[in-house]
Amino acid sequence: MGGGLLVAGTTSDAGKSVVTAGICRWLVRQGVRVAPFKAQNMSLNSFVTREGAEIGRAQAMQAAAARVEPTALMNPVLLKPGSDRSSQVVLLGKPVGELSATGYFGHPGAPAGGRTTDGGTPGGEGPYAGRREALLGTVTDCLQELRRTHDAVICEGAGSPAEINLRRTDIVNMGIARAGRLPVVVVGDIDRGGVFASFFGTTALLSKEDQALIAGYVVNKFRGDVTLLEPGLEMLRGLTGRPTLGVLPFAHGLGIDEEDGLRVSLRGAVRESVVAPPHGADVLRVAVAAVPLMSNFTDVDALAAEPGVVVRFVDRAEELADADLVVLPGTRGTVRALAWLRERGLADAIARRAAEGRPVLGICGGFQMLGEHIDDEVESRAGAVPGLGLLPVRVRFAVEKTLARPVGQALGEPVEGYEIHHGVAEVNGGQTFISDGRGQSLDGCRVGSVWGTHWHGSLESDAFRRAFLRQVAADAGRAFVPAPDTSFGTLREEQLDRLGDLIEEHADTDALLRLIEEGVPQGLPFVPPGAP
């Protein structure tokens with residue numbers, strides 16, 4: 001079995017994903033065969049592997065950092081929120097049910113909520129209703145298989161390991177650490193303040209058995225002179241008996257495809273790293289509608305990578321006025337997002353743009369909203385709902401989810417992407433958007449300056465992206481010219497290398513390697529009071 005390490009955090013968004021990716025890139029540069037792993041992820045940003053499995057995009061990007069092909073083993077459980085209280089459960093890359101938070105997390109005596117993919121309601125004794133602990137065997141098997149085929153597996157936790165209300169059924173933090181006998185390093189975001197209290201409190205709220213796995217801490221996003229921090233680190237070691245294994249400096253543009261928010265997406269990071277002026281006389285302004293349950297908003301990262309393209313997320317109709325391109329992104333709730341567009345006046349503003357010949361692009365759920373009619377008895381169960389009527393498309397939601405990695409041609413250039421949707425589109429006119437290169441339509445359509453496709457990630461195809469932006473600039477009357485040499489894949493690699501540099505230059509890599517190779521240190525002290 002290969003070695004392993006779990007990267008936990010004092011909070012959500014402490015930097016676990018970034019640190020995990022950085023360790024993966026540092027290790028692979030040392031010749032180590034390494035793989036990422038996250039037992040359970042809650043995210044609306046997902047990816048499709050070569051074998052047609054859906055996993056979190058963060059794990060796909062961590063696999064890129066490790067220079068390995070992503071697989072379902074790396075993220076066996078994915079939760080995709082459909083509201084504040086329910087999520088779709090994706091197990092080993094395939095959806096298995098839609099469950100309430102109570103039904104999934106469960107507590108003694110709680111009723112099971114939700115429904116399975118065939119429309120039934122799972123019972124209280126079922127494997128996904130209040131029985132999350134039953135999944136521990138599955139995720140442990142996935143971790144063991146990765147450890148069997150790799151020298152090291154770097155695991156990412158979720159939220160905080162000290163969420164004492166969920167510890168009984170935890171499979172992603174101390175649950176998987178205990179099952180795999182993994183040493184744990186805890187990451188804290190010092191930019192938020194209170195990092196010493198967070199480190200101490202996180203440790204002190206764990207049981208004696210869990211504390212025995214906490215091997216050290218990593219301070220993230222530090223600004224200033226590290227010597228000023230050192231007395232506090234020594235005091236922390238005195239209080240907990242555990243060292244700080246790294247102080248990572250605050251750095252703009254260090255992020256990978258994220259799980260839940262907009263703050264650290266690659267979109268912002270790439271935009272910050274591009275210093276070249278616009279290649280043409282004008283900039284191109286892109287407005288992305290921040291629809292409810294927005295998914296895979298990372299689709300616009302490739303646009304933001306282009307010099308002279310300005311991307312912003314908007315939620316008011318007046319913010320579309322100066323946009324050269326409006327993007328309707330994917331969403332986990334197409335019907336809900338459509339109602340939101342109408343409530344805010346965005347639907348009317350988009351219709352006016354279309355009538356004026358100004359560019360609009362819909363991706364996945366956004367494509368579905370641009371159509372004439374939606375019949376949804378699966379996602380929202382709203383039945384028949386009129387679309388925006390800007391494309392000759394009728395959408396019917398199917399129980400089975402489409403998961404694919406297609407390739408084709410668009411605007412005379414090669415394009416590839418990935419599909420994740422329940423909606424099945426019937427296209428009844430318009431121009432072909434993406435074809436097989438022989439004139440046979442593969443996906444989407446175009447009417448004037450309104451475009452739609454189910455394919456996520458298509459804008460990462462450099463030649464197609466440039467051709468599309470040239471067409472948008474022409475339709476918008478802008479003297480914008482895409483740079484001829486922007487490579488999104490190269491920019492992504494450079495960013496992953498920066499994450500590896502961060503670990504190599506600012507973490508105790510010898511100590512990390514010992515933990516990975518030798519496992520949990522013996523004799524780590526107990527910090528009272530422990531778990532309640």
# chains A, B, ... in the order shown; residues from 1 in each chain; ligands from 1

$ residues_around --residues "Gly423 in chain A" --least-positions-apart "5" --cutoff "12 Å" --atoms "only C-alpha atoms" --output "PDB file with C-alpha atoms, in the first residue's frame"
ATOM      1  CA  GLY A 330     -25.487  25.976 -16.137  1.00  0.00           C
ATOM      2  CA  THR A 331     -27.753  25.502 -13.143  1.00  0.00           C
ATOM      3  CA  ARG A 332     -28.980  22.638 -10.980  1.00  0.00           C
ATOM      4  CA  GLY A 333     -32.452  24.222 -11.118  1.00  0.00           C
ATOM      5  CA  THR A 334     -33.376  25.246 -14.673  1.00  0.00           C
ATOM      6  CA  VAL A 335     -37.015  26.081 -13.947  1.00  0.00           C
ATOM      7  CA  CYS A 364     -26.370  23.521 -20.426  1.00  0.00           C
ATOM      8  CA  GLY A 365     -29.204  24.839 -18.197  1.00  0.00           C
ATOM      9  CA  GLY A 366     -28.731  28.230 -19.859  1.00  0.00           C
ATOM     10  CA  PHE A 367     -29.252  26.595 -23.264  1.00  0.00           C
ATOM     11  CA  GLN A 368     -32.420  24.945 -21.989  1.00  0.00           C
ATOM     12  CA  MET A 369     -33.785  28.284 -20.728  1.00  0.00           C
ATOM     13  CA  GLY A 371     -35.624  27.318 -25.718  1.00  0.00           C
ATOM     14  CA  HIS A 373     -40.674  24.937 -23.899  1.00  0.00           C
ATOM     15  CA  ILE A 374     -39.510  22.893 -20.899  1.00  0.00           C
ATOM     16  CA  ASP A 375     -41.263  19.774 -19.622  1.00  0.00           C
ATOM     17  CA  ASP A 376     -39.817  18.947 -16.199  1.00  0.00           C
ATOM     18  CA  GLU A 377     -41.251  16.132 -14.093  1.00  0.00           C
ATOM     19  CA  VAL A 378     -37.801  15.205 -12.738  1.00  0.00           C
ATOM     20  CA  GLU A 379     -35.743  18.131 -11.411  1.00  0.00           C
ATOM     21  CA  SER A 380     -38.384  20.662 -10.298  1.00  0.00           C
ATOM     22  CA  VAL A 393     -35.725  24.005 -28.867  1.00  0.00           C
ATOM     23  CA  ARG A 394     -38.048  21.924 -26.709  1.00  0.00           C
ATOM     24  CA  VAL A 395     -36.592  20.315 -23.581  1.00  0.00           C
ATOM     25  CA  ARG A 396     -37.868  17.247 -21.773  1.00  0.00           C
ATOM     26  CA  PHE A 397     -36.251  16.220 -18.490  1.00  0.00           C
ATOM     27  CA  ALA A 398     -35.356  12.526 -18.318  1.00  0.00           C
ATOM     28  CA  VAL A 399     -34.751  10.445 -15.199  1.00  0.00           C
ATOM     29  CA  GLU A 400     -31.450   9.217 -16.575  1.00  0.00           C
ATOM     30  CA  LYS A 401     -28.642  11.767 -16.516  1.00  0.00           C
ATOM     31  CA  THR A 402     -26.508  12.295 -19.613  1.00  0.00           C
ATOM     32  CA  LEU A 403     -22.804  12.056 -18.753  1.00  0.00           C
ATOM     33  CA  THR A 453     -25.077  24.168 -26.227  1.00  0.00           C
ATOM     34  CA  HIS A 454     -25.119  21.516 -23.511  1.00  0.00           C
TER      35      HIS A 454
END

$ residues_around --residues "Met294 in chain A" --least-positions-apart "5" --cutoff "12 Å" --atoms "only C-alpha atoms" --output "PyMOL selection string"
chain A and resi 43-46+80-83+259-262+288-289+299+313+327-334+336-338+340+363-366

$ atom_distance --atom1 "CA of Asp301 in chain A" --atom2 "CA of Val77 in chain A"
25.6 Å

$ residues_around --residues "Asn173 in chain A" --least-positions-apart "5" --cutoff "7 Å" --atoms "only C-alpha atoms" --output "short mmCIF file (atom, residue, chain, number, x, y, z; two decimals) with C-alpha atoms, in the first residue's frame"
data_model
loop_
_atom_site.label_atom_id
_atom_site.label_comp_id
_atom_site.auth_asym_id
_atom_site.auth_seq_id
_atom_site.Cartn_x
_atom_site.Cartn_y
_atom_site.Cartn_z
CA ALA A 8 -8.33 18.89 6.86
CA GLY A 157 -11.41 16.68 4.05
CA ALA A 158 -14.60 18.74 4.01
CA PRO A 161 -13.29 17.70 11.34
#

$ residues_around --residues "range 477-489 of chain A" --least-positions-apart "4" --cutoff "10 Å" --atoms "only C-alpha atoms" --output "PyMOL selection string"
chain A and resi 270+276-285+301-309+324+358+459-463+465-473+493-495

$ decode --residues "range 197-208 of chain A" --atoms "N, CA, C and O atoms" --output "compact mmCIF listing (two decimals), in the first residue's frame"
# COMPACT_ATOMS: atom_id res chain seq x y z
N ALA A 197 -6.83 30.10 17.79
CA ALA A 197 -8.00 29.55 18.47
C ALA A 197 -8.64 28.45 17.64
O ALA A 197 -9.12 27.44 18.18
N SER A 198 -8.63 28.62 16.32
CA SER A 198 -9.22 27.61 15.44
C SER A 198 -8.43 26.31 15.48
O SER A 198 -9.01 25.22 15.54
N PHE A 199 -7.11 26.41 15.43
CA PHE A 199 -6.28 25.20 15.51
C PHE A 199 -6.49 24.49 16.85
O PHE A 199 -6.70 23.27 16.90
N PHE A 200 -6.41 25.26 17.94
CA PHE A 200 -6.54 24.66 19.27
C PHE A 200 -7.94 24.08 19.46
O PHE A 200 -8.11 22.94 19.92
N GLY A 201 -8.96 24.87 19.10
CA GLY A 201 -10.34 24.42 19.30
C GLY A 201 -10.68 23.22 18.46
O GLY A 201 -11.38 22.30 18.92
N THR A 202 -10.20 23.19 17.22
CA THR A 202 -10.46 22.03 16.36
C THR A 202 -9.88 20.77 16.99
O THR A 202 -10.54 19.72 17.05
N THR A 203 -8.65 20.86 17.49
CA THR A 203 -8.01 19.70 18.10
C THR A 203 -8.72 19.29 19.39
O THR A 203 -9.01 18.11 19.61
N ALA A 204 -9.04 20.27 20.23
CA ALA A 204 -9.60 19.99 21.55
C ALA A 204 -11.02 19.45 21.49
O ALA A 204 -11.50 18.88 22.49
N LEU A 205 -11.73 19.61 20.38
CA LEU A 205 -13.09 19.10 20.26
C LEU A 205 -13.15 17.69 19.70
O LEU A 205 -14.23 17.13 19.53
N LEU A 206 -11.98 17.12 19.40
CA LEU A 206 -11.95 15.77 18.86
C LEU A 206 -11.76 14.75 19.98
O LEU A 206 -11.17 15.05 21.03
N SER A 207 -12.22 13.54 19.74
CA SER A 207 -12.03 12.47 20.71
C SER A 207 -10.55 12.11 20.81
O SER A 207 -9.74 12.49 19.95
N LYS A 208 -10.20 11.36 21.83
CA LYS A 208 -8.81 10.94 22.02
C LYS A 208 -8.32 10.16 20.81
O LYS A 208 -7.18 10.34 20.34
